[in-house]
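This report concerns only the one structure given below.
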Amino acid sequence: MFNLKYKIVKREKTPSVYFQILLPLISIFISLLISSIFLIIAKINPINAIIGIFIGALGSKFSFFETIVKAIPIILTGTAVAIAFNSRFFNIGAEGQMYAGALGATWCGLLNLSIPKPFYILFAIIIGFLLGGAWATLPAYLKIKFKVDDVVTTLLLNFIMIYIVSAIVYGPWRDPVSNWPQSPNLPENIIFPIIFPKSRVHIGIFISLFSVLFFYILTKKMKLGFELKAVGSSEKASNFLGLNVSKIIIISAMISGGIAGLAGVSEILGLHYHLVDNFSPGYGYTGIVVAMLGRLEPIGVLLSSFFFATIITGSQVMSRVSGVNVYISDVIQGITLLVMLSILLFTEFEIRRFK
Amino acid sequence: MDIKSIMIFLTAILSATIRFATPLVISTIGESFCERAGILNLSIEGTMIFGAFTGFIITFFTRNIFFGLLFSFISGSIIGLIMGLLTITLGRSQHVSGLGMTIFTTGLSFFIYRLIFGSPVNPPTVITLNNFAIPFLSQIPIIGESFFNQSLLTYIAYLLIPITSFIFFKTTFGLNLRAVGENPESADSLGINVYKIRYLSLIIGGSLMGLAGSFFSLVQFNMFQYGIVGGRGWICIALVIFAKWFPFRIFLGAFLFGGIEALQLRLQAIGFFKFPFQIFLTLPYLLTIIILIIVSRNAEYPSSILKPYRRE
């Protein structure tokens with residue numbers, strides 16, 4: 001089994017557009033096929049369940065809005081991860097940076113300032129961005145200064161930040177009225193406005209779309225983006241170009257962590273209205289998935305974020321309707337990720353027979 | 001405090017240390033197999049959770065804990081095999097494959113658990129693995145009771161250290177394993193089957209991770225529950241760097257971590273500090289980072305790590 005007759009080689013020319021559209025569709029189909037096994041185990045008709053997923057996520061105006069609400073943090077964490085990965089700063093820490101951002105936004109809210117709403121929101125966004133950025137800059141600094149592996153530190157810092165947030169909502173910021181382990185509700189003056197009446201879609205969607213746009217401009221139009229990619233592609237080349245590698249990695253970490261922080265800001269000010277521990281079902285990790293599937297490109301990140309938001313929202317609705325436990329959503333997500341990862345190989349590589 | 005109570009205290013701390021260190025040793029040894037062959041296996045957390053789950057479920061239904069242990073081992077090897085498919089045959093990103101497997105196996109464990117048991121008020125339990133004292137050795141004061149009155153898994157952890165050392169440095173397989181991890185191209189040109197060695201290392205590594213997971217559901221607790229592994233897989237990823245991929249240093253590192261965990265639980269229990277308990281929970285992670293800062297400058301990763309090997 002180890003002596004393969006076939007080998008996987010890099011494509012010489014990029015495959016046609018049809019092929020590039022077809023591949024993700026094939027992977028979705030295969031993922032759903034494999035997921036069906038688990039649905040059958042759960043004694044659910046897989047065809048109904050899969051139709052249920054798509055209707056649950058896209059079938060009505062209301063469900064489509066819910067999918068957008070889910071997409072907001074995923075787009076942000078996905079963009080954050082993609083920017084960092086572009087410069088080979090392996091930021092697995094979007095989850096923690098998101099919590100840092102949430103902490104910052106809540107702090108702003110608890111100050112209870114009486115300034116005009118747009119300024120107050122902008123203030124929270126800036127503080128959230130800075131805190132998230134700082135939480136990512138720390139591992140970047142450790143990587144440069146002490147050669148500490150960034151995958152490990154960013155990952156470990158997630159747990160530390162999540163526990164810090166938990167300690168704070170159980171301790172100093174605990175709501176004195178209800179005594180629940182969550183911060184008091186934040187003042188109306190800092191809460192994100194809702195865009196569509198009778199929905200939960202808030203202006204966070206603009207923040208996330210703006211971040212993708214920024215990512216696009218950064219990598220396609222700005223010198224910094226070019227330098228980022230140079231550092232990411234090879235250290236030798238970037239030294240040859242006379243780039244300050246350390247500085248570029250720090251900047252990339254700062255931007256990446258900042259955008260991940262915005263995911264936290266937007267979840268708290270747009271959706272929860274107070275800080276609570278474990279508010280994220282792992283959006284930071286979904287961000288990694290989305291960034292990789294989007295091949296670290298802005299458009300790719302945007303599309304794969306919407307796709308994952310669809311799967312998450314849809315499978316949650318399906319789980320409620322059919323009565324199967326919610327973990328089916330994680331199972332389907334995991335399968336989709338692994339199948340896509342495998343199948344999308346063929347966008348860059350092809351299989352040839354050994355001669 | 002008189003001498004006797006100090007001895008009792010020390011014995012308690014030391015034996016808790018060894019208990020906490022047990023799954024870390026087994027799992028980190030597993031990771032070192034993968035990394036020595038050039039694969040960063042981030043499915044470790046998920047594999048441990050899945051091992052904890054299969055160990056529990058098989059023990060629950062067969063009423064035989066040894067079947068439980070066996071199946072946690074087997075389930076780990078299957079995950080290793082799938083990781084191999086993704087990272088070796090297809091040569092996909094080791095980061096994403098590992099994290100993806102963790103998402104999948106974690107979800108799968110809780111999905112099947114809920115399918116079988118629903119969400120009961122009193123979670124189902126199993127009888128845990130007994131401690132057994134090793135004759136003579138367990139009679140040594142303090143050390144005997146804490147090191148040699150433990151469960152089977154702890155003794156397996158002890159044995160794994162010299163065995164793994166032997167495999168790495170005294171056998172052809174170990175030599176090939178390291179060659180593949182350092183320079184797969186030249187290993188291949190010497191006639192070593194790079195794919196085969198990497199698959200084997202992932203399967204061995206995965207089975208050990210699965211077995212380590214069963215410690216949580218069959219020794220430390222008598223049930224399977226959310227957060228049962230609690231991020232210890234990620235600590236193993238750091239431990240293997242601390243240990244510079246050497247089995248004996250893995251034991252040292254795990255012992256250190258076990259000690260911190262045992263001590264913080266003690267201090268927390270007696271209300272030594274007036275901090276919220278979550279601050280204590282950050283300690284292992286903080287300590288890992290500090291240790292990494294100290295050791296990382298000189299850490300030499302197997303050169304081919306993260307790089308898929310494609311035969312020309």
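Letters A, B, ... go to the chains of the structure tokens in the order shown; residues in each chain start at 1; ligands are counted from 1 in the same order.
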
- Message: So that I can check the surroundings of Ala263 in chain A, please list as a VMD selection string every protein, DNA and RNA residue that reaches within 8 Å of it, counting only C-alpha atoms and ignoring chain neighbours fewer than 4 positions away.
- Response: chain A and resid 72 to 74 76 to 77 98 101 to 102 259 267

Writing out the chosen residues with C-alpha atoms as an mmCIF file, in the first residue's frame:
```cif
data_model
loop_
_atom_site.group_PDB
_atom_site.id
_atom_site.type_symbol
_atom_site.label_atom_id
_atom_site.label_comp_id
_atom_site.auth_asym_id
_atom_site.auth_seq_id
_atom_site.Cartn_x
_atom_site.Cartn_y
_atom_site.Cartn_z
ATOM 1 C CA ILE A 72 -19.924 37.954 10.718
ATOM 2 C CA PRO A 73 -17.443 36.580 13.290
ATOM 3 C CA ILE A 74 -16.273 33.831 10.940
ATOM 4 C CA LEU A 76 -13.447 38.354 10.723
ATOM 5 C CA THR A 77 -11.507 35.469 12.261
ATOM 6 C CA MET A 98 -11.409 37.488 19.889
ATOM 7 C CA GLY A 101 -11.388 42.201 21.811
ATOM 8 C CA ALA A 102 -14.613 41.359 23.635
ATOM 9 C CA ILE A 259 -9.197 41.928 13.225
ATOM 10 C CA GLU A 267 -20.229 39.558 19.007
#
```

Contact set, chain A to chain B: 8 Å, only C-alpha atoms, as a PDB file with C-alpha atoms, in the first residue's frame:
```
ATOM      1  CA  PHE A   2       2.965   2.298   0.461  1.00  0.00           C
ATOM      2  CA  LYS A   7       2.302  10.432  -7.822  1.00  0.00           C
ATOM      3  CA  ILE A   8       0.965  13.849  -7.006  1.00  0.00           C
ATOM      4  CA  VAL A   9       2.664  16.645  -8.921  1.00  0.00           C
ATOM      5  CA  ALA A  42     -28.979   8.490  14.325  1.00  0.00           C
ATOM      6  CA  LEU A 142       8.337  35.581  21.410  1.00  0.00           C
ATOM      7  CA  PHE A 146      13.207  33.599  21.518  1.00  0.00           C
ATOM      8  CA  LYS A 147      12.233  31.432  18.520  1.00  0.00           C
ATOM      9  CA  VAL A 148       9.233  30.127  20.449  1.00  0.00           C
ATOM     10  CA  ASP A 149       6.948  28.191  18.111  1.00  0.00           C
ATOM     11  CA  VAL A 152       2.006  26.502  20.333  1.00  0.00           C
ATOM     12  CA  THR A 153       2.042  29.924  21.986  1.00  0.00           C
ATOM     13  CA  LEU A 155      -2.841  28.171  20.975  1.00  0.00           C
ATOM     14  CA  LEU A 156      -1.922  28.283  24.667  1.00  0.00           C
ATOM     15  CA  LEU A 157      -2.737  31.990  24.906  1.00  0.00           C
ATOM     16  CA  PHE A 159      -6.832  29.158  27.038  1.00  0.00           C
ATOM     17  CA  ILE A 160      -5.244  31.862  29.154  1.00  0.00           C
ATOM     18  CA  TYR A 163      -9.869  31.845  31.649  1.00  0.00           C
ATOM     19  CA  ILE A 164      -9.108  35.533  32.249  1.00  0.00           C
ATOM     20  CA  SER A 166     -14.134  33.798  32.853  1.00  0.00           C
ATOM     21  CA  ALA A 167     -12.408  35.019  36.039  1.00  0.00           C
ATOM     22  CA  TYR A 170     -17.263  35.524  37.778  1.00  0.00           C
ATOM     23  CA  GLY A 171     -15.452  38.205  39.770  1.00  0.00           C
ATOM     24  CA  ILE A 288      -8.368  28.789  10.490  1.00  0.00           C
ATOM     25  CA  VAL A 289     -10.448  26.359   8.516  1.00  0.00           C
ATOM     26  CA  MET A 292      -7.165  27.617   4.563  1.00  0.00           C
ATOM     27  CA  VAL A 324     -30.843  14.668  16.956  1.00  0.00           C
ATOM     28  CA  ASN A 325     -28.269  16.168  19.355  1.00  0.00           C
ATOM     29  CA  VAL A 326     -26.438  19.354  18.343  1.00  0.00           C
ATOM     30  CA  TYR A 327     -23.052  17.643  18.053  1.00  0.00           C
ATOM     31  CA  ILE A 328     -24.147  16.483  14.611  1.00  0.00           C
ATOM     32  CA  SER A 329     -23.257  20.026  13.568  1.00  0.00           C
ATOM     33  CA  ASP A 330     -19.625  19.541  14.672  1.00  0.00           C
ATOM     34  CA  VAL A 331     -19.481  16.165  12.965  1.00  0.00           C
ATOM     35  CA  ILE A 332     -20.714  17.615   9.663  1.00  0.00           C
ATOM     36  CA  GLN A 333     -18.338  20.583   9.993  1.00  0.00           C
ATOM     37  CA  GLY A 334     -15.389  18.286  10.656  1.00  0.00           C
ATOM     38  CA  ILE A 335     -16.215  16.005   7.751  1.00  0.00           C
ATOM     39  CA  LEU A 337     -13.422  20.415   6.386  1.00  0.00           C
ATOM     40  CA  LEU A 338     -11.443  17.210   5.939  1.00  0.00           C
ATOM     41  CA  LEU A 341      -9.016  19.806   2.392  1.00  0.00           C
ATOM     42  CA  SER A 342      -8.458  16.577   0.496  1.00  0.00           C
ATOM     43  CA  LEU A 345      -5.681  19.382  -3.552  1.00  0.00           C
TER      44      LEU A 345
END
```

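For the atom pair formed by CA of Phe129 in chain A and CA of Pro184 in chain A, the distance is 22.0 Å, given to one decimal.
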
- Query: Out of range 59-263 of chain B, which residues get helix (DSSP H, G or I) from DSSP, as a VMD selection string?
  - Reply: chain B and resid 59 to 62 65 to 89 94 to 117 137 to 139 143 to 148 152 to 170 172 to 182 184 to 189 194 to 220 232 to 242 247 to 263

- Who sits within 12 Å of Gly59 in chain A, only C-alpha atoms, same chain under 6 positions skipped, as a list of chain:residue names: A:Ile51, A:Gly52, A:Ile53, A:Phe65, A:Glu66, A:Thr67, A:Thr310, A:Thr313, A:Gly314, A:Val317

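Counting only C-alpha atoms and comparing A:Thr79, A:Ser16, A:Asn189, A:Ser305, the residue that lies closest to Gly261 in chain A is A:Thr79.
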
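Among the candidates B:Val121, B:Leu69, B:Leu81, B:Ile44, the one nearest to Ile29 in chain B when counting only C-alpha atoms is B:Ile44.
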
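Residue nearest Pro123 in chain B, chosen from B:Gln94, B:Ser303, B:Gln225, B:Ser189 and counting only C-alpha atoms: B:Gln225.
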
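Here CA of Gly225 in chain A stands at a distance of 25.1 Å from CA of Leu122 in chain A.
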
- Do a neighbour search on His202 in chain A at 7 Å with only C-alpha atoms, toss out local chain neighbours closer than 5 positions, and write the hits as a ChimeraX atom specification. /A:192-195,270
